[in-house]
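Structure file start.csv (CSV, C-alpha atoms) is printed below.
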```
chain,number,residue,atom,x,y,z
F,1,MET,CA,-0.5,-0.1,-11.7
F,2,LEU,CA,0.5,3.6,-11.5
F,3,ASN,CA,3.7,5.6,-11.9
F,4,VAL,CA,4.2,9.2,-11.0
F,5,ARG,CA,3.0,10.5,-14.4
F,6,LEU,CA,-0.3,8.6,-14.4
F,7,TYR,CA,-0.7,9.6,-10.7
F,8,LEU,CA,-0.3,13.3,-11.6
F,9,ALA,CA,-2.7,12.9,-14.6
F,10,GLN,CA,-5.3,11.4,-12.3
F,11,ARG,CA,-4.9,14.0,-9.6
F,12,ILE,CA,-4.9,17.0,-12.0
F,13,SER,CA,-7.9,15.7,-13.8
F,14,ALA,CA,-9.7,15.3,-10.5
F,15,MET,CA,-8.8,18.9,-9.6
F,16,VAL,CA,-10.3,20.0,-13.0
F,17,MET,CA,-13.4,17.9,-12.5
F,18,ALA,CA,-14.2,19.1,-8.9
F,19,PRO,CA,-15.5,22.6,-9.8
F,20,LEU,CA,-17.0,21.3,-13.1
F,21,VAL,CA,-19.1,18.7,-11.2
F,22,LEU,CA,-20.4,21.4,-8.9
F,23,GLY,CA,-21.2,23.5,-11.9
F,24,HIS,CA,-22.9,20.6,-13.6
F,25,LEU,CA,-25.0,19.8,-10.5
F,26,ALA,CA,-26.1,23.5,-10.3
F,27,VAL,CA,-27.1,23.5,-13.9
F,28,MET,CA,-29.1,20.3,-13.5
F,29,ILE,CA,-31.0,21.7,-10.4
F,30,TYR,CA,-31.6,25.0,-12.2
F,31,ALA,CA,-32.9,23.3,-15.4
F,32,ALA,CA,-35.1,20.9,-13.5
F,33,GLN,CA,-36.5,23.4,-11.0
F,34,GLY,CA,-37.0,26.0,-13.6
F,35,GLY,CA,-38.9,23.6,-15.7
F,36,LEU,CA,-36.9,24.2,-18.8
F,37,SER,CA,-37.9,22.1,-21.9
F,38,ALA,CA,-35.3,20.4,-24.1
F,39,ALA,CA,-35.8,23.0,-26.7
F,40,GLU,CA,-35.2,25.8,-24.2
F,41,ILE,CA,-32.0,24.1,-23.0
F,42,LEU,CA,-30.8,23.6,-26.6
F,43,SER,CA,-31.5,27.2,-27.4
F,44,ARG,CA,-29.1,28.2,-24.6
F,45,THR,CA,-26.4,25.7,-25.4
F,46,GLN,CA,-26.3,25.7,-29.2
F,47,GLY,CA,-23.5,27.9,-30.5
F,48,SER,CA,-22.3,28.7,-27.0
F,49,LEU,CA,-18.5,28.7,-26.7
F,50,TRP,CA,-18.9,28.8,-22.9
F,51,TRP,CA,-21.0,25.6,-22.6
F,52,GLY,CA,-18.9,23.9,-25.3
F,53,SER,CA,-15.8,24.7,-23.3
F,54,PHE,CA,-17.4,23.8,-20.0
F,55,TYR,CA,-18.6,20.3,-21.0
F,56,GLY,CA,-15.7,19.7,-23.4
F,57,LEU,CA,-13.2,20.2,-20.6
F,58,PHE,CA,-15.4,18.0,-18.3
F,59,VAL,CA,-15.4,15.2,-20.9
F,60,ILE,CA,-11.6,15.4,-21.3
F,61,ALA,CA,-11.0,15.3,-17.6
F,62,VAL,CA,-13.4,12.4,-17.1
F,63,SER,CA,-11.8,10.4,-19.9
F,64,VAL,CA,-8.3,10.8,-18.3
F,65,HIS,CA,-9.5,10.2,-14.7
F,66,ALA,CA,-11.8,7.2,-15.4
F,67,ALA,CA,-9.3,5.5,-17.7
F,68,ILE,CA,-6.5,5.6,-15.1
F,69,GLY,CA,-8.8,4.6,-12.3
F,70,LEU,CA,-10.2,1.6,-14.2
F,71,ARG,CA,-6.6,0.7,-15.2
F,72,VAL,CA,-5.8,0.2,-11.5
F,73,VAL,CA,-8.9,-2.0,-11.0
F,74,ALA,CA,-8.0,-4.0,-14.2
F,75,HIS,CA,-4.5,-4.6,-13.0
F,76,GLU,CA,-5.4,-5.5,-9.4
F,77,TYR,CA,-8.5,-7.6,-10.0
F,78,LEU,CA,-8.3,-8.8,-13.7
F,79,LYS,CA,-4.5,-9.1,-13.6
F,80,LEU,CA,-4.0,-7.3,-16.9
F,81,THR,CA,-0.4,-6.2,-17.5
F,82,GLY,CA,1.9,-4.8,-20.1
F,83,ALA,CA,0.5,-3.9,-23.6
F,84,VAL,CA,-2.9,-5.4,-22.7
F,85,LEU,CA,-3.2,-3.1,-19.7
F,86,THR,CA,-2.1,-0.1,-21.9
F,87,ALA,CA,-4.6,-1.0,-24.6
F,88,PHE,CA,-7.3,-1.3,-22.0
F,89,THR,CA,-6.5,2.1,-20.6
F,90,LEU,CA,-6.5,3.7,-24.0
F,91,ILE,CA,-9.8,2.0,-25.1
F,92,VAL,CA,-11.6,3.1,-21.9
F,93,GLY,CA,-10.2,6.7,-22.2
F,94,LEU,CA,-11.0,7.0,-26.0
F,95,THR,CA,-14.5,5.4,-25.5
F,96,VAL,CA,-15.5,7.9,-22.8
F,97,LEU,CA,-13.9,10.7,-24.8
F,98,GLY,CA,-15.8,9.7,-27.9
F,99,MET,CA,-19.2,9.2,-26.2
F,100,GLY,CA,-18.9,12.4,-24.1
F,101,GLY,CA,-17.6,14.4,-27.1
F,102,ARG,CA,-20.5,13.2,-29.2
F,103,ALA,CA,-22.9,14.4,-26.5
F,104,VAL,CA,-21.2,17.8,-26.2
F,105,VAL,CA,-21.3,18.3,-30.0
F,106,ALA,CA,-25.0,17.3,-30.0
F,107,VAL,CA,-26.0,20.1,-27.5
F,108,VAL,CA,-23.6,22.8,-28.7
F,109,MET,CA,-23.4,22.5,-32.5
Y,110,MET,CA,3.9,-18.6,36.6
Y,111,GLN,CA,0.7,-20.5,37.5
Y,112,ASN,CA,-0.2,-23.4,35.4
Y,113,SER,CA,-3.8,-23.9,34.3
Y,114,THR,CA,-5.3,-27.3,33.5
Y,115,LYS,CA,-7.1,-25.8,30.6
Y,116,ASN,CA,-5.8,-26.5,27.1
Y,117,LEU,CA,-5.7,-24.1,24.2
Y,118,ASP,CA,-7.2,-25.3,20.9
Y,119,VAL,CA,-4.4,-24.4,18.5
Y,120,SER,CA,-4.6,-24.8,14.7
Y,121,VAL,CA,-1.2,-24.6,13.0
Y,122,TRP,CA,-0.7,-24.5,9.2
Y,123,ARG,CA,1.6,-27.3,8.1
Y,124,GLY,CA,3.0,-27.7,4.6
Y,125,ASP,CA,5.2,-26.1,2.0
Y,126,LYS,CA,4.9,-24.2,-1.3
Y,127,SER,CA,3.1,-27.1,-2.9
Y,128,GLY,CA,0.3,-26.8,-0.4
Y,129,GLY,CA,-0.7,-27.8,3.1
Y,130,ALA,CA,-3.4,-27.8,5.7
Y,131,TYR,CA,-4.1,-26.9,9.4
Y,132,ALA,CA,-3.2,-29.4,12.0
Y,133,GLN,CA,-4.8,-29.3,15.5
Y,134,TYR,CA,-2.9,-29.3,18.8
Y,135,ALA,CA,-3.9,-29.1,22.4
Y,136,VAL,CA,-1.5,-26.8,24.2
Y,137,PRO,CA,-1.5,-26.3,28.0
Y,138,ARG,CA,-2.7,-22.8,28.9
Y,139,GLN,CA,-0.3,-20.6,31.0
Y,140,GLU,CA,-1.2,-17.4,32.7
Y,141,ASN,CA,1.6,-15.6,30.9
Y,142,GLN,CA,2.1,-17.0,27.5
Y,143,THR,CA,2.9,-15.6,24.1
Y,144,ILE,CA,2.1,-17.0,20.7
Y,145,LEU,CA,5.7,-17.8,20.2
Y,146,ASP,CA,5.6,-19.8,23.5
Y,147,VAL,CA,2.7,-21.8,22.1
Y,148,VAL,CA,4.5,-22.6,18.8
Y,149,THR,CA,7.7,-23.5,20.7
Y,150,TRP,CA,5.8,-25.8,23.0
Y,151,ILE,CA,4.2,-27.6,20.1
Y,152,GLN,CA,7.6,-28.1,18.4
Y,153,ARG,CA,9.3,-29.3,21.6
Y,154,ASN,CA,6.5,-31.6,22.8
Y,155,LEU,CA,4.4,-32.7,19.9
Y,156,GLU,CA,5.9,-31.9,16.5
Y,157,PRO,CA,9.7,-31.8,16.3
Y,158,THR,CA,9.6,-31.2,12.5
Y,159,LEU,CA,7.5,-28.0,12.9
Y,160,ALA,CA,9.4,-25.2,11.1
Y,161,TYR,CA,9.2,-21.6,12.3
Y,162,ARG,CA,11.5,-18.7,12.7
Y,163,PHE,CA,12.5,-16.6,15.7
Y,164,SER,CA,15.6,-15.1,17.2
Y,165,CYS,CA,15.6,-12.3,19.9
Y,166,ARG,CA,12.2,-13.1,21.6
Y,167,VAL,CA,12.0,-9.5,22.7
Y,168,GLY,CA,10.5,-7.6,19.7
Y,169,MET,CA,13.7,-6.3,18.2
Y,170,CYS,CA,14.8,-8.7,15.4
Y,171,GLY,CA,11.5,-8.9,13.4
Y,172,SER,CA,11.9,-12.6,12.6
Y,173,CYS,CA,8.9,-14.2,14.3
Y,174,ALA,CA,6.0,-12.6,12.6
Y,175,MET,CA,3.1,-14.9,11.7
Y,176,MET,CA,-0.6,-14.7,11.0
Y,177,VAL,CA,-2.5,-15.2,14.3
Y,178,ASN,CA,-6.3,-15.6,14.0
Y,179,GLY,CA,-6.0,-14.0,10.5
Y,180,LYS,CA,-4.0,-11.0,11.6
Y,181,PRO,CA,-0.3,-10.4,11.2
Y,182,ARG,CA,1.4,-10.3,14.6
Y,183,TRP,CA,4.9,-10.3,16.1
Y,184,THR,CA,4.4,-13.6,18.0
Y,185,CYS,CA,7.1,-13.0,20.7
Y,186,ARG,CA,5.3,-9.9,22.0
Y,187,THR,CA,1.7,-11.1,21.4
Y,188,HIS,CA,0.1,-12.5,24.5
Y,189,VAL,CA,-2.3,-15.4,24.1
Y,190,ARG,CA,-4.9,-13.7,26.3
Y,191,LYS,CA,-5.1,-10.7,24.0
Y,192,VAL,CA,-5.8,-12.6,20.8
Y,193,LEU,CA,-7.6,-15.6,22.0
Y,194,ASP,CA,-10.9,-16.3,20.0
Y,195,GLY,CA,-12.9,-18.3,22.6
Y,196,ASN,CA,-10.3,-20.9,23.3
Y,197,ARG,CA,-9.0,-21.1,19.7
Y,198,ILE,CA,-5.9,-19.9,18.1
Y,199,GLU,CA,-5.1,-20.2,14.4
Y,200,ILE,CA,-1.5,-19.7,13.4
Y,201,ALA,CA,-0.3,-19.5,9.8
Y,202,PRO,CA,2.7,-18.2,7.9
Y,203,LEU,CA,2.7,-14.5,6.9
Y,204,ARG,CA,0.3,-13.5,4.2
Y,205,ASN,CA,1.6,-12.2,0.8
Y,206,LEU,CA,4.8,-14.1,1.0
Y,207,PRO,CA,5.7,-17.6,-0.4
Y,208,VAL,CA,6.0,-20.4,2.2
Y,209,ILE,CA,9.2,-22.3,2.8
Y,210,LYS,CA,7.8,-24.7,5.3
Y,211,ASP,CA,5.1,-24.6,7.9
Y,212,LEU,CA,5.2,-21.2,9.6
Y,213,ALA,CA,8.4,-20.0,7.9
Y,214,ALA,CA,7.7,-17.6,5.1
Y,215,ASP,CA,10.2,-16.8,2.3
Y,216,MET,CA,11.4,-13.2,3.0
Y,217,ALA,CA,13.5,-12.9,-0.2
Y,218,GLU,CA,10.9,-11.0,-2.1
Y,219,PHE,CA,10.3,-8.6,0.8
Y,220,PHE,CA,14.1,-7.7,1.1
Y,221,ASP,CA,14.5,-7.6,-2.7
Y,222,LYS,CA,11.9,-4.9,-2.8
Y,223,TRP,CA,13.6,-3.1,0.0
Y,224,HIS,CA,16.6,-2.8,-2.3
Y,225,LYS,CA,14.5,-2.0,-5.4
Y,226,ALA,CA,13.2,1.0,-3.4
Y,227,GLU,CA,16.9,2.1,-2.9
Y,228,GLY,CA,16.7,1.3,0.7
Y,229,ARG,CA,20.5,1.5,0.8
Y,230,PHE,CA,22.3,4.5,2.2
Y,231,HIS,CA,24.3,6.5,-0.3
Y,232,PRO,CA,27.2,8.0,1.5
Y,233,THR,CA,28.4,11.5,0.6
Y,234,ALA,CA,31.4,11.8,2.9
Y,235,THR,CA,34.5,9.8,3.9
Y,236,ARG,CA,35.8,9.1,7.4
Y,237,ASP,CA,38.2,12.1,6.9
Y,238,ASP,CA,35.3,14.5,6.6
Y,239,ASP,CA,33.7,16.3,9.5
Y,240,ILE,CA,30.5,14.8,11.0
Y,241,VAL,CA,27.4,16.3,9.3
Y,242,PRO,CA,25.4,18.2,11.9
Y,243,VAL,CA,21.8,17.0,12.0
Y,244,LEU,CA,19.6,19.1,14.3
Y,245,PRO,CA,17.2,16.9,16.2
Y,246,ASP,CA,14.3,19.4,15.8
Y,247,SER,CA,14.8,19.9,12.0
Y,248,PRO,CA,11.7,18.9,10.0
Y,249,ARG,CA,13.7,16.3,8.0
Y,250,ARG,CA,15.2,14.7,11.0
Y,251,LYS,CA,11.7,14.5,12.6
Y,252,ALA,CA,10.3,12.9,9.4
Y,253,ALA,CA,13.1,10.4,9.4
Y,254,SER,CA,12.8,9.7,13.1
Y,255,ALA,CA,9.0,8.9,12.7
Y,256,GLY,CA,9.8,5.9,10.5
Y,257,ILE,CA,13.3,4.9,11.6
Y,258,GLU,CA,12.3,2.2,14.1
Y,259,CYS,CA,11.3,-0.4,11.5
Y,260,ILE,CA,12.5,-3.9,12.4
Y,261,ASN,CA,11.7,-5.4,8.9
Y,262,CYS,CA,9.2,-7.9,10.4
Y,263,ALA,CA,7.1,-7.8,7.2
Y,264,ILE,CA,3.9,-7.4,9.2
Y,265,CYS,CA,3.0,-4.4,7.2
Y,266,TYR,CA,3.7,-6.3,4.0
Y,267,ALA,CA,1.4,-9.1,5.1
Y,268,ALA,CA,-1.3,-6.6,6.1
Y,269,CYS,CA,-1.3,-4.7,2.8
Y,270,ASP,CA,-4.1,-5.4,0.3
Y,271,VAL,CA,-2.2,-3.7,-2.5
Y,272,VAL,CA,0.6,-6.1,-2.1
Y,273,GLU,CA,-1.9,-8.9,-2.3
Y,274,ASN,CA,-3.3,-7.6,-5.6
Y,275,ASN,CA,-0.3,-6.0,-7.2
Y,276,SER,CA,2.8,-8.2,-7.1
Y,277,LYS,CA,5.1,-5.4,-8.2
Y,278,PHE,CA,4.1,-3.0,-5.4
Y,279,LEU,CA,7.2,-2.4,-3.3
Y,280,GLY,CA,5.2,-2.5,-0.1
Y,281,PRO,CA,5.0,-0.3,3.0
Y,282,ALA,CA,8.3,-1.2,4.7
Y,283,ALA,CA,10.5,-0.6,1.6
Y,284,LEU,CA,8.8,2.7,0.9
Y,285,ASN,CA,9.0,3.7,4.5
Y,286,ARG,CA,12.7,3.0,4.4
Y,287,ALA,CA,13.0,5.1,1.3
Y,288,TRP,CA,11.2,8.0,3.0
Y,289,THR,CA,13.6,7.9,6.0
Y,290,LEU,CA,16.6,8.1,3.6
Y,291,ILE,CA,15.0,10.9,1.5
Y,292,ASN,CA,15.0,12.8,4.8
Y,293,ASP,CA,18.6,11.9,5.7
Y,294,GLU,CA,20.7,14.9,5.2
Y,295,ARG,CA,23.9,12.8,4.8
Y,296,ASP,CA,22.4,10.7,2.0
Y,297,GLY,CA,23.3,11.4,-1.6
Y,298,GLY,CA,20.9,9.1,-3.4
Y,299,ARG,CA,17.8,11.3,-3.6
Y,300,GLU,CA,17.4,11.4,-7.4
Y,301,VAL,CA,18.0,7.6,-7.9
Y,302,ARG,CA,15.7,6.8,-5.0
Y,303,LEU,CA,12.9,9.1,-6.2
Y,304,ARG,CA,13.1,7.4,-9.6
Y,305,ALA,CA,13.0,4.0,-7.9
Y,306,VAL,CA,9.8,4.8,-5.9
Y,307,ALA,CA,8.1,6.6,-8.8
Y,308,GLY,CA,7.9,3.7,-11.2
Y,309,ASP,CA,5.2,1.1,-11.9
Y,310,GLY,CA,5.4,-0.7,-8.5
Y,311,GLY,CA,6.1,2.5,-6.6
Y,312,CYS,CA,4.5,4.6,-3.9
Y,313,HIS,CA,1.7,5.8,-6.2
Y,314,ASN,CA,0.0,2.4,-6.1
Y,315,CYS,CA,-0.8,2.8,-2.4
Y,316,HIS,CA,-4.5,3.2,-1.8
Y,317,SER,CA,-3.9,4.6,1.7
Y,318,GLN,CA,-6.0,1.9,3.4
Y,319,GLN,CA,-3.6,2.0,6.3
Y,320,GLY,CA,-3.5,-1.7,7.1
Y,321,CYS,CA,0.3,-1.2,7.5
Y,322,MET,CA,-0.3,1.4,10.2
Y,323,THR,CA,-3.0,-0.6,11.9
Y,324,TYR,CA,-0.8,-3.7,12.4
Y,325,CYS,CA,2.8,-2.2,12.7
Y,326,PRO,CA,4.0,-3.6,16.1
Y,327,ASN,CA,6.2,-0.5,16.5
Y,328,GLU,CA,3.3,1.8,15.8
Y,329,LEU,CA,4.9,3.4,12.8
Y,330,ASN,CA,2.8,4.9,10.0
Y,331,PRO,CA,4.2,3.8,6.6
Y,332,THR,CA,1.1,5.3,4.9
Y,333,LEU,CA,2.2,8.7,6.1
Y,334,SER,CA,5.7,8.0,4.8
Y,335,ILE,CA,4.3,6.9,1.4
Y,336,ALA,CA,2.2,10.1,1.3
Y,337,GLY,CA,5.4,12.0,1.8
Y,338,LEU,CA,7.0,10.1,-1.1
Y,339,LYS,CA,4.0,10.8,-3.3
Y,340,ARG,CA,4.2,14.5,-2.6
Y,341,VAL,CA,8.0,14.7,-3.2
Y,342,THR,CA,8.0,12.6,-6.3
Y,343,ALA,CA,5.0,14.6,-7.8
Y,344,MET,CA,6.9,17.9,-7.2
Y,345,ALA,CA,10.1,16.4,-8.7
Y,346,ALA,CA,8.2,15.2,-11.8
Y,347,LEU,CA,6.5,18.6,-12.2
Y,348,LYS,CA,9.9,20.3,-12.0
Y,349,GLY,CA,11.3,17.8,-14.5
Y,350,GLU,CA,13.8,16.4,-12.0
Y,351,ILE,CA,12.8,12.7,-12.5
```
Now, as a test, write the supplied structure out as structure tokens.
Amino acid sequence: MLNVRLYLAQRISAMVMAPLVLGHLAVMIYAAQGGLSAAEILSRTQGSLWWGSFYGLFVIAVSVHAAIGLRVVAHEYLKLTGAVLTAFTLIVGLTVLGMGGRAVVAVVM
Amino acid sequence: MQNSTKNLDVSVWRGDKSGGAYAQYAVPRQENQTILDVVTWIQRNLEPTLAYRFSCRVGMCGSCAMMVNGKPRWTCRTHVRKVLDGNRIEIAPLRNLPVIKDLAADMAEFFDKWHKAEGRFHPTATRDDDIVPVLPDSPRRKAASAGIECINCAICYAACDVVENNSKFLGPAALNRAWTLINDERDGGREVRLRAVAGDGGCHNCHSQQGCMTYCPNELNPTLSIAGLKRVTAMAALKGEI
């Protein structure tokens, strides 16, 4: 169940994610083909404001996008409505944000 | 019209809102025969209590729509030979609407949503004012013209999977109507209409699956109208207008 604000939040988060997904894929291919070890990757990411911002923004966009997308599925197929649907949306968004944020902190800090 | 000795194997849904089942009928096959002819033949010859709805019989009034072999059709303009499955025809009331009796669906919800989408014209002039010039080639007139021929048959509503899964969704016909009025230069209800279609059951719930466009008997494209509403409401929200 979407209104114009949730619709905009999902579209804008998708626009943010699009270049970040391409960047993430490029990084994965580079790291795998170059044969970088975990220690070599961490030496590049730890203390890096750039990688912290890159993946931090990615995690925020994914949290917003996934929570709204699953909200629609939860309403249409599980028939959740009202406060229960709002709580479901927030729980999904905060869970993804927490798990993704923890991962970002682990490789940057 | 040449009569054929061959009979059609017709299943017709009989019942009401508490439930029902398909009943089987053998209907004489005619060379030229619509689904509405079949239903009418059953009522007049076999089943006088069979309830169904029709009026103009020429595809203008939008009252005879039913599910035919699982697909929503305007039955007065649907020829048997085009939809026959072997020798079988299954006729049921329109999907996504409550049943009153047999093949007559309750259209109240459909028209209520038409009003919820502000499908009503908001006049801005009186009879004393000059006629507003509307250029036939203007982009807004073209956008309105593209959706204006809706006959409110509810075939799009029956074809829509979002309507099936989201009871608050206003549906393709109501949103298509709203889009034609958004593009009507004489209309003064833009803001209230944008708010009406931007809420929880509004245009943003459409998944663009285009079932409405696939089955619209007048070959309209409500999905395109809804895309227009999404665009206009998004811009209005970003500008703080709604």
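For chain Y, the residues close to chain F, meaning within 6 Å and counting only C-alpha atoms, are Asn274, Asn275, Ala307, Gly308, Asp309, His313 and Asn314 of chain Y.
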Show me, as a PyMOL selection string, the residues that have an atom within 12 Å of Lys180 (chain Y) when counting all atoms listed in the file, minus same-chain residues fewer than 3 positions from it. chain Y and resi 174-177+183-184+187+192-193+198-204+264-269+320-321+323-326
Write out as an MDAnalysis selection string each polymer residue whose atoms come within 9 Å of region 286-295 of chain Y, counting only C-alpha atoms; drop sequence neighbours fewer than 3 positions from it. chainID Y and resid 223 226:234 241:243 248:257 259 281:283 298:299 302:303 306 331 334:335 337:338
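Note that CA of His65 (chain F) and CA of Leu20 (chain F) are 13.5 Å apart.
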Separation of CA of His316 (chain Y) from CA of Pro181 (chain Y), in Å and rounded to one decimal: 19.3 Å
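Note that the spacing between CA of Asp238 (chain Y) and CA of Glu300 (chain Y) amounts to 22.9 Å.
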Give me the residues near Arg123 (chain Y) as a compact mmCIF listing (two decimals) with C-alpha atoms, in the coordinates of the input, where near means some atom within 9 Å (using all atoms listed in the file) and where sequence neighbours in that chain fewer than 5 positions away do not count.
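Saved to selection_14.txt:
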```
# COMPACT_ATOMS: atom_id res chain seq x y z
CA GLY Y 128 0.30 -26.80 -0.40
CA GLY Y 129 -0.70 -27.80 3.10
CA ALA Y 130 -3.40 -27.80 5.70
CA TYR Y 131 -4.10 -26.90 9.40
CA ALA Y 132 -3.20 -29.40 12.00
CA LEU Y 159 7.50 -28.00 12.90
CA ALA Y 160 9.40 -25.20 11.10
CA ALA Y 201 -0.30 -19.50 9.80
CA LYS Y 210 7.80 -24.70 5.30
CA ASP Y 211 5.10 -24.60 7.90
CA LEU Y 212 5.20 -21.20 9.60
```
Which polymer residues have any atom within 10 Å of an atom of Gly98 (chain F), counting only C-alpha atoms, with same-chain residues fewer than 4 positions away left out, as an MDAnalysis selection string? chainID F and resid 59:60 63 92:94 102:104
Do a neighbour search on Thr45 (chain F) at 7 Å with all atoms listed in the file, toss out local chain neighbours closer than 5 positions, and write the hits as a VMD selection string. chain F and resid 51 107 to 108
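Among the candidates F:Met109, F:Gly101, F:Thr81, F:Gly23, the one nearest to Val62 (chain F) when counting all atoms listed in the file is F:Gly101.
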